[in-house]
Every structure is written in structure tokens, then in C-alpha cells.
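What follows is the content of data-v6.txt, which has compact mmCIF, C-alpha atoms:
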# COMPACT_ATOMS: atom_id res chain seq x y z
CA MET C 95 -182.70 -7.70 49.72
CA GLU C 96 -183.49 -8.06 46.03
CA CYS C 97 -183.16 -11.10 43.80
CA LYS C 98 -180.32 -10.56 41.33
CA LYS C 99 -182.28 -12.41 38.65
CA CYS C 100 -185.76 -10.81 38.81
CA LEU C 101 -184.90 -7.71 40.94
CA LEU C 102 -187.91 -8.37 43.20
CA PRO C 103 -187.63 -8.43 47.02
CA VAL C 104 -186.61 -11.71 48.67
CA VAL C 105 -188.81 -12.54 51.66
CA THR C 106 -186.48 -14.90 53.48
CA LYS C 107 -189.12 -16.20 55.86
CA ASP C 108 -191.54 -17.25 53.12
CA GLN C 109 -189.51 -17.79 49.92
CA PRO C 110 -186.73 -20.33 49.27
CA TYR C 111 -183.55 -18.48 48.33
CA VAL C 112 -179.84 -19.05 47.76
CA TYR C 113 -176.69 -16.93 47.99
CA CYS C 114 -174.04 -16.94 45.26
CA ASN C 115 -170.82 -18.27 46.80
CA ALA C 116 -168.64 -16.42 44.28
CA LEU C 117 -167.58 -12.77 44.01
CA CYS C 118 -171.02 -11.13 43.70
CA ALA C 119 -172.46 -12.91 46.81
CA ALA C 120 -175.92 -11.85 45.63
CA VAL C 121 -179.17 -13.47 46.77
CA HIS C 122 -181.51 -15.23 44.32
CA HIS C 123 -184.98 -16.75 44.51
CA ALA C 124 -184.54 -20.51 44.22
CA ALA C 125 -187.28 -20.56 41.58
CA CYS C 126 -185.54 -17.87 39.51
CA VAL C 127 -182.39 -19.99 39.15
CA GLY C 128 -184.20 -23.33 38.75
CA LEU C 129 -183.25 -24.93 42.08
CA ASN C 130 -185.72 -27.49 43.44
CA THR C 131 -186.01 -28.40 47.13
CA ALA C 132 -183.43 -31.22 46.98
CA GLU C 133 -180.90 -29.15 45.04
CA LEU C 134 -181.33 -26.17 47.38
CA ALA C 135 -180.72 -28.39 50.42
CA ALA C 136 -177.55 -29.77 48.81
CA VAL C 137 -175.94 -26.30 48.57
CA SER C 138 -177.14 -24.98 51.94
CA PRO C 139 -175.49 -25.18 55.39
CA PRO C 140 -174.18 -27.35 56.96
CA HIS C 141 -172.86 -28.65 53.61
CA LYS C 142 -169.77 -26.44 53.80
CA ASN C 143 -167.92 -28.29 51.02
CA SER C 144 -170.62 -27.61 48.43
CA CYS C 145 -171.44 -24.27 46.88
CA TRP C 146 -173.61 -22.61 44.24
CA MET C 147 -172.62 -19.88 41.78
CA CYS C 148 -174.78 -17.69 39.56
CA ASP C 149 -174.33 -17.82 35.78
CA GLU C 150 -172.19 -14.66 35.58
CA CYS C 151 -169.80 -15.75 38.34
CA LEU C 152 -169.57 -19.27 36.93
CA VAL C 153 -168.46 -17.88 33.54
CA GLU C 154 -165.82 -15.72 35.26
CA PHE C 155 -164.61 -18.67 37.35
CA VAL C 156 -164.27 -20.98 34.34
CA GLN C 157 -162.36 -18.28 32.44
CA TRP C 158 -160.07 -17.64 35.43
CA ARG C 159 -159.37 -21.37 35.83
CA LYS C 160 -158.62 -21.71 32.12
CA GLU C 161 -156.17 -18.79 32.17
CA ARG C 162 -154.53 -20.09 35.34
CA ASN C 163 -154.04 -23.57 33.85
CA GLU C 164 -152.52 -22.02 30.74
CA LYS C 165 -150.08 -20.04 32.87
CA MET C 166 -149.11 -23.11 34.89
CA ASN C 167 -148.36 -25.00 31.64
CA GLU C 168 -146.12 -22.26 30.31
CA PRO C 169 -142.37 -23.03 30.39
CA ILE C 170 -140.70 -21.34 33.34
CA ALA C 171 -137.46 -19.44 32.82
CA ALA C 172 -134.46 -21.14 34.40
CA THR C 173 -133.37 -17.97 36.15
CA THR C 174 -134.61 -14.48 36.96
CA PRO C 175 -132.60 -11.34 36.12
CA GLU C 176 -132.65 -10.08 39.69
CA HIS C 177 -131.73 -13.12 41.76
CA ASN C 178 -130.43 -15.64 39.22
CA GLU C 179 -132.52 -18.34 40.93
CA PRO C 180 -135.39 -20.56 39.71
CA LYS C 181 -138.82 -18.96 40.11
CA CYS C 182 -141.53 -21.52 41.00
CA VAL C 183 -145.16 -21.43 39.95
CA LEU C 184 -146.30 -20.97 43.56
CA GLN C 185 -144.26 -17.79 43.94
CA ARG C 186 -145.74 -16.40 40.74
CA ASP C 187 -149.28 -17.10 42.00
CA VAL C 188 -148.44 -15.37 45.30
CA ASP C 189 -147.17 -12.29 43.43
CA GLU C 190 -150.36 -12.16 41.35
CA LEU C 191 -152.53 -12.50 44.45
CA LYS C 192 -150.67 -9.67 46.20
CA ALA C 193 -151.19 -7.44 43.18
CA LYS C 194 -154.94 -8.19 43.16
CA VAL C 195 -155.24 -7.48 46.90
CA ASP C 196 -153.41 -4.16 46.51
CA SER C 197 -155.76 -3.24 43.66
CA ILE C 198 -158.87 -4.09 45.70
CA LEU C 199 -157.63 -2.09 48.71
CA SER C 200 -156.87 0.87 46.46
CA VAL C 201 -160.43 0.85 45.06
CA ILE C 202 -161.98 0.55 48.54
CA THR C 203 -159.88 3.41 49.89
CA SER C 204 -160.79 5.61 46.92
CA GLN C 205 -164.51 4.91 47.35
CA GLU C 206 -164.39 5.64 51.08
CA ASN C 207 -162.51 8.92 50.58
CA ASN C 208 -165.11 10.12 48.06
CA HIS C 209 -168.12 8.99 50.08
CA THR C 210 -170.01 11.14 52.54
CA ASP C 211 -172.93 9.92 54.62
CA ALA C 212 -173.48 12.72 57.11
CA TRP C 213 -177.17 12.87 56.16
CA ILE C 214 -177.81 9.12 56.29
CA ARG C 215 -179.93 7.73 59.13
CA HIS C 216 -178.44 4.59 60.63
CA SER C 217 -178.02 2.64 63.85
CA THR C 218 -174.23 2.85 64.18
CA PRO C 219 -172.98 5.36 66.81
CA LYS C 220 -170.20 7.73 65.72
CA SER C 221 -166.75 7.76 67.30
CA SER C 222 -163.44 9.57 66.81
CA ARG C 223 -161.48 6.31 66.60
CA PRO C 224 -160.48 5.28 63.05
CA MET C 225 -162.28 2.31 61.54
CA GLU C 226 -160.32 -0.63 60.18
CA CYS C 227 -160.43 -1.67 56.52
CA GLY C 228 -161.01 1.84 55.18
CA SER C 229 -164.46 2.66 56.58
CA SER C 230 -165.15 5.90 58.45
CA GLU C 231 -167.69 4.41 60.88
CA VAL C 232 -167.03 2.88 64.28
CA THR C 233 -169.10 1.87 67.25
CA ASN C 234 -168.65 1.33 70.95
CA ALA C 235 -170.36 -1.27 73.05
CA SER C 236 -174.03 -0.31 72.76
CA GLU C 237 -176.78 -0.61 75.31
CA THR C 238 -178.86 -2.21 72.59
CA ALA C 239 -176.44 -5.13 72.25
CA SER C 240 -177.17 -8.03 74.57
CA ARG C 241 -174.57 -9.09 77.11
CA LEU C 242 -173.06 -12.52 76.69
CA PRO C 243 -172.99 -15.00 79.60
CA ASP C 244 -170.06 -14.65 81.99
CA SER C 245 -169.15 -18.27 81.28
CA ILE C 246 -167.92 -17.33 77.78
CA CYS C 247 -164.24 -16.46 77.96
CA GLU C 248 -163.70 -13.05 76.34
CA ASN C 249 -160.13 -13.84 75.29
CA GLU C 250 -161.33 -16.74 73.13
CA ASN C 251 -163.87 -14.63 71.24
CA PHE C 252 -163.69 -12.03 68.51
CA ASP C 253 -166.35 -9.29 68.22
CA LEU C 254 -167.14 -8.13 64.70
CA LEU C 255 -169.21 -5.16 63.51
CA LEU C 256 -171.06 -5.49 60.19
CA THR C 257 -172.80 -2.34 58.96
CA ASN C 258 -174.39 -0.73 55.89
CA ILE C 259 -177.09 -3.44 55.97
CA ASP C 260 -180.71 -2.86 54.94
CA GLY C 261 -183.18 -2.32 57.78
CA SER C 262 -185.33 -5.27 56.63
CA VAL C 263 -182.55 -7.78 57.29
CA SER C 264 -183.06 -9.93 60.41
CA GLU C 265 -180.55 -11.41 62.85
CA GLU C 266 -181.28 -14.84 61.37
CA ASP C 267 -180.43 -13.55 57.86
CA VAL C 268 -177.10 -12.16 59.10
CA GLN C 269 -176.23 -15.37 60.95
CA LEU C 270 -176.87 -17.42 57.81
CA MET C 271 -174.79 -15.01 55.72
CA VAL C 272 -171.88 -15.08 58.23
CA CYS C 273 -171.90 -18.90 58.31
CA ARG C 274 -171.85 -19.10 54.51
CA CYS C 275 -169.14 -16.45 54.02
CA LEU C 276 -166.81 -17.81 56.72
CA GLY C 277 -167.66 -21.49 56.23
CA THR C 278 -168.53 -21.90 59.92
CA ARG C 279 -171.00 -24.23 61.52
CA ASP C 280 -174.10 -22.76 63.14
CA ASN C 281 -172.77 -23.30 66.67
CA GLU C 282 -169.52 -21.45 65.87
CA CYS C 283 -171.40 -18.16 65.38
CA ILE C 284 -171.87 -17.56 69.12
CA ASN C 285 -174.08 -14.48 69.02
CA VAL C 286 -175.64 -12.12 66.45
CA ARG C 287 -177.29 -8.96 67.72
CA LYS C 288 -178.95 -6.12 65.81
CA LEU C 289 -177.74 -2.78 67.22
CA VAL C 290 -181.22 -1.32 67.28
CA PRO C 291 -183.75 -1.55 70.13
CA ARG C 292 -186.53 -3.97 69.24
CA TRP C 293 -189.18 -1.28 69.58
CA VAL C 294 -187.53 0.98 66.97
CA ASP C 295 -188.85 0.89 63.41
CA CYS C 296 -185.79 -0.05 61.33
CA SER C 297 -187.47 1.15 58.14
CA THR C 298 -186.70 4.74 59.24
CA PHE C 299 -182.96 4.04 58.90
CA ASP C 300 -180.99 4.05 55.67
CA TYR C 301 -178.99 1.14 57.08
CA ILE C 302 -178.42 -0.70 60.35
CA SER C 303 -175.54 -2.51 62.06
CA PHE C 304 -175.00 -5.88 63.68
CA LYS C 305 -172.59 -7.16 66.31
CA ILE C 306 -171.34 -10.71 65.72
CA VAL C 307 -169.41 -12.72 68.32
CA LEU C 308 -167.14 -15.41 66.83
CA ASN C 309 -164.37 -17.68 67.96
CA ARG C 310 -161.06 -15.82 67.61
CA LYS C 311 -159.79 -18.36 65.04
CA TRP C 312 -162.08 -16.71 62.44
CA LYS C 313 -160.62 -13.21 62.93
CA SER C 314 -158.09 -13.28 60.07
CA VAL C 315 -160.73 -14.41 57.55
CA ALA C 316 -163.39 -12.02 58.91
CA MET C 317 -161.08 -9.01 58.42
CA MET C 318 -160.58 -9.69 54.68
CA PRO C 319 -162.70 -7.51 52.31
CA SER C 320 -163.15 -10.44 49.92
CA THR C 321 -164.99 -12.43 52.62
CA TRP C 322 -168.12 -10.26 52.69
CA PRO C 323 -170.79 -9.38 50.11
CA ARG C 324 -170.36 -6.15 48.17
CA ASN C 325 -171.20 -2.88 50.06
CA ILE C 326 -171.02 -4.44 53.53
CA ARG C 327 -168.64 -2.57 55.81
CA PHE C 328 -166.89 -4.23 58.73
CA ARG C 329 -164.45 -3.71 61.54
CA GLU C 330 -163.45 -5.24 64.85
CA PHE C 331 -165.94 -4.32 67.58
CA LYS C 332 -163.88 -3.00 70.51
CA LYS C 333 -165.16 -1.95 73.88
CA VAL C 334 -164.05 1.34 75.44
CA ARG C 335 -161.69 0.45 78.29
CA PHE C 336 -161.06 3.98 79.59
CA PRO C 337 -164.28 6.04 79.56
CA TRP C 338 -163.95 9.81 79.98
CA LYS C 339 -164.90 11.62 83.15
CA PRO C 340 -164.30 15.19 84.46
CA ASP C 341 -161.16 15.86 86.46
CA ILE C 342 -163.25 17.16 89.33
CA LEU C 343 -166.56 15.54 90.19
Using C-alpha cells, write down the structure from this file.
Amino acid sequence: MECKKCLLPVVTKDQPYVYCNALCAAVHHAACVGLNTAELAAVSPPHKNSCWMCDECLVEFVQWRKERNEKMNEPIAATTPEHNEPKCVLQRDVDELKAKVDSILSVITSQENNHTDAWIRHSTPKSSRPMECGSSEVTNASETASRLPDSICENENFDLLLTNIDGSVSEEDVQLMVCRCLGTRDNECINVRKLVPRWVDCSTFDYISFKIVLNRKWKSVAMMPSTWPRNIRFREFKKVRFPWKPDIL
């Protein structure tokens, strides 16, 4: 990972750092953005109701809030041509949000259709099943993923695959990122496992994948593209229930 401010690598084990909680979700050295120890602690988990934004995202947020307030203060027409009924501000915001979501999905689909990664080395096994949210990569339950205790009820959990992640990223880094993006507490991220054997040198891969086990209540948020940092791909991690075997053994 590189610092968005100075473009130098961020060594998460040795250097204080902070993620932008806005659209870019980029990582920054704490020193590069002028955060001291007390300020960094104030915007770090488990303080889920506090957040930090980089300068660029803050400018965009202030502009968006200004435009939204101006729209809310505009006089609303008494009737609409189609239904001849009052149109409330909430409905207008919902329509705008739907349009933005459709635009984002269109861009993601276009990028995926034009992208080919047949030559890329990675840790995610291929499969013929389609991947959710527009990505072409899927994975089955891997031998490299650890098995959870039998005491954990499978029906209460949701397995998530995050991929297209740099080989230098650790399981601890991913757990911190998941907690920040979803707004979960540390104990709500039940298990994070890198889908690479520990004896394999991850630097030989162009990217690696992680399996994350969460409570099922986080599924709807986890399956939204806007939840995750840019370039991360995701899908639900499903186990193969009916493995193939020859008709005659």
C-alpha cells in the first residue's frame, strides 16, 4: 500500500497510518496529514461514530452538502405531470441515489468487460460459476482457508471473498479495513484468512485473495460496491455442495 500524500509505501506494522473514510478510501501516513497520536486514536476503531477524510474528499463532501441543502430549500412543485400528486424531498433524493447507483454499476460492468487478466498470477482459484457484482473471478472453499469451529452456526454467518489485494497486505490489515468499511466491532469480524499457504511467497503473485467470515446481518452492506476501497473485488464465498465424480468408479 502507498500513502496517497507522499506516494511512499506504508509499513503498517511500524508506521502510524489512517484510512480516508470517504470515497477514495486511500491510506495515508499519519505524519503526512498532520495527525498526532491523540488525534489518530480519536478517528480509529472502536470509535465508529468518528471518521477522518483527506483534503480532496472533504472538499467534495462540503460541495455535495452545499448543493443538497440548496436543493432541499428549493420550492417544490405542488403536483407532478405524471401523477398529479405532491412529490416530497425524500422521494427526489431516492431518485437521485438510484441514478447514481445505476451509473456506478454501468462503469463497473464496462471496466470488467474490457479487462483481461489471464496472464496475472494470483491466489484465487478459477471456476465456471459467475461472480457477483460484475467480477469474472470466483473461488471455492480452499484447502488453504482454515476451518471454523463446529460451534459456530453456519446459517448465522456470511462468507465473503475479497480479492485483487496486494501480496504485502496481511490478515490484520484486511481485518482493520473490513471493520472500518462496515463499521463493525473487532469481535464481529469472526475470521479473516489469506487464501495462500503460509509457506508461499506472496510477492510472486500480482494479487491475492482473502476469505472473511461475518455475521449475516452485514451481508447487504458487504455486497455494495460503494462499501469497499477502489479496485477491490468482492463476492459471496460459497462452498461447492455437489462435487463432481465419474458415473462409474
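Atom to atom, CA of Val201 (chain C) and CA of Arg274 (chain C) stand 24.9 Å apart.
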Q.
So that I can see what lies close to region 150-155 of chain C, please list as a ChimeraX atom specification the residues with an atom at most 7 Å from it, counting all atoms listed in the file and leaving out residues fewer than 3 positions away in the same chain.
A. /C:116-117,147,158-159
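One distance worth recording is that between CA of Trp293 (chain C) and CA of Lys305 (chain C), which is 17.9 Å.
Taking CA of Val183 (chain C) as the reference point, CA of Ser320 (chain C) is found at 23.3 Å.
Closest to His122 (chain C) among C:Lys332, C:Lys99, C:Lys313, C:Lys194 is C:Lys99, based on only C-alpha atoms.
Minimum atom-to-atom distances from C:Ala120, C:Val268, C:Cys182, C:Cys114 to Ser144 (chain C) were compared using only C-alpha atoms, and the lowest value belongs to C:Cys114.
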Q. C:Val286, C:Ala132, C:Ala316, C:Leu256: which is nearest Ile302 (chain C), counting only C-alpha atoms?
A. C:Leu256
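When only C-alpha atoms are used to measure the gap to Asn143 (chain C), the shortest distance among C:Lys192, C:Val307, C:Thr278, C:Val272 belongs to C:Thr278.
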Please determine an axis-aligned box that encloses all atoms of region 287-303 of chain C listed in the file, with 3 Å added on each side, and express its centre and edge lengths in Å to one decimal as lines of an AutoDock Vina configuration file.
center_x = -182.4
center_y = -2.1
center_z = 62.9
size_x = 19.6
size_y = 19.7
size_z = 20.5
Q.
At a cut-off of 6 Å, using all atoms listed in the file, what residues contact Tyr301 (chain C)? Leave out same-chain residues fewer than 3 positions from it and give the result as a VMD selection string.
A. chain C and resid 216 258 to 261
Would you fill the gaps in region 99-110 of chain C so it has all heavy atoms, then print it as a short mmCIF file (atom, residue, chain, number, x, y, z; two decimals), keeping the file's coordinate frame?
data_model
loop_
_atom_site.label_atom_id
_atom_site.label_comp_id
_atom_site.auth_asym_id
_atom_site.auth_seq_id
_atom_site.Cartn_x
_atom_site.Cartn_y
_atom_site.Cartn_z
N LYS C 99 -181.74 -11.95 39.92
CA LYS C 99 -182.28 -12.41 38.65
C LYS C 99 -183.51 -11.60 38.23
O LYS C 99 -183.59 -11.07 37.14
CB LYS C 99 -182.67 -13.89 38.77
CG LYS C 99 -182.92 -14.59 37.44
CD LYS C 99 -181.63 -14.91 36.73
CE LYS C 99 -181.88 -15.78 35.52
NZ LYS C 99 -180.63 -16.11 34.81
N CYS C 100 -184.51 -11.49 39.17
CA CYS C 100 -185.76 -10.81 38.81
C CYS C 100 -185.89 -9.42 39.40
O CYS C 100 -186.85 -8.70 39.11
CB CYS C 100 -186.95 -11.67 39.26
SG CYS C 100 -187.11 -11.82 41.06
N LEU C 101 -184.95 -9.04 40.31
CA LEU C 101 -184.90 -7.71 40.94
C LEU C 101 -186.08 -7.46 41.86
O LEU C 101 -186.34 -6.32 42.23
CB LEU C 101 -184.83 -6.60 39.87
CG LEU C 101 -183.65 -6.68 38.91
CD1 LEU C 101 -183.68 -5.52 37.93
CD2 LEU C 101 -182.34 -6.70 39.66
N LEU C 102 -186.81 -8.50 42.25
CA LEU C 102 -187.91 -8.37 43.20
C LEU C 102 -187.41 -8.70 44.60
O LEU C 102 -186.43 -9.43 44.77
CB LEU C 102 -189.06 -9.31 42.82
CG LEU C 102 -189.76 -9.00 41.49
CD1 LEU C 102 -190.83 -10.05 41.20
CD2 LEU C 102 -190.38 -7.60 41.51
N PRO C 103 -188.08 -8.16 45.65
CA PRO C 103 -187.63 -8.43 47.02
C PRO C 103 -187.65 -9.93 47.34
O PRO C 103 -188.49 -10.67 46.86
CB PRO C 103 -188.65 -7.65 47.87
CG PRO C 103 -189.22 -6.63 46.96
CD PRO C 103 -189.24 -7.25 45.60
N VAL C 104 -186.68 -10.33 48.19
CA VAL C 104 -186.61 -11.71 48.67
C VAL C 104 -187.12 -11.75 50.10
O VAL C 104 -186.52 -11.15 50.99
CB VAL C 104 -185.17 -12.24 48.60
CG1 VAL C 104 -185.11 -13.66 49.17
CG2 VAL C 104 -184.67 -12.22 47.17
N VAL C 105 -188.24 -12.40 50.32
CA VAL C 105 -188.81 -12.54 51.66
C VAL C 105 -188.26 -13.84 52.23
O VAL C 105 -188.74 -14.93 51.92
CB VAL C 105 -190.36 -12.57 51.62
CG1 VAL C 105 -190.91 -12.67 53.03
CG2 VAL C 105 -190.90 -11.35 50.90
N THR C 106 -187.22 -13.71 53.06
CA THR C 106 -186.48 -14.90 53.48
C THR C 106 -187.30 -15.85 54.33
O THR C 106 -186.99 -17.04 54.40
CB THR C 106 -185.23 -14.47 54.27
OG1 THR C 106 -185.62 -13.65 55.39
CG2 THR C 106 -184.29 -13.66 53.37
N LYS C 107 -188.32 -15.33 55.00
CA LYS C 107 -189.12 -16.20 55.86
C LYS C 107 -190.12 -17.03 55.06
O LYS C 107 -190.59 -18.07 55.55
CB LYS C 107 -189.84 -15.37 56.92
CG LYS C 107 -188.90 -14.69 57.90
CD LYS C 107 -189.69 -13.92 58.96
CE LYS C 107 -188.77 -13.26 59.97
NZ LYS C 107 -189.52 -12.51 61.00
N ASP C 108 -190.48 -16.59 53.89
CA ASP C 108 -191.54 -17.25 53.12
C ASP C 108 -191.05 -17.84 51.80
O ASP C 108 -191.71 -18.74 51.25
CB ASP C 108 -192.67 -16.25 52.82
CG ASP C 108 -193.26 -15.67 54.09
OD1 ASP C 108 -193.33 -16.40 55.09
OD2 ASP C 108 -193.63 -14.48 54.08
N GLN C 109 -189.93 -17.36 51.25
CA GLN C 109 -189.51 -17.79 49.92
C GLN C 109 -188.16 -18.50 49.98
O GLN C 109 -187.23 -18.00 50.61
CB GLN C 109 -189.39 -16.57 48.99
CG GLN C 109 -190.69 -15.81 48.79
CD GLN C 109 -190.48 -14.50 48.04
OE1 GLN C 109 -189.50 -13.79 48.28
NE2 GLN C 109 -191.38 -14.22 47.12
N PRO C 110 -188.03 -19.67 49.35
CA PRO C 110 -186.73 -20.33 49.27
C PRO C 110 -185.76 -19.45 48.49
O PRO C 110 -186.11 -18.88 47.47
CB PRO C 110 -187.04 -21.63 48.52
CG PRO C 110 -188.51 -21.84 48.68
CD PRO C 110 -189.11 -20.48 48.74
#
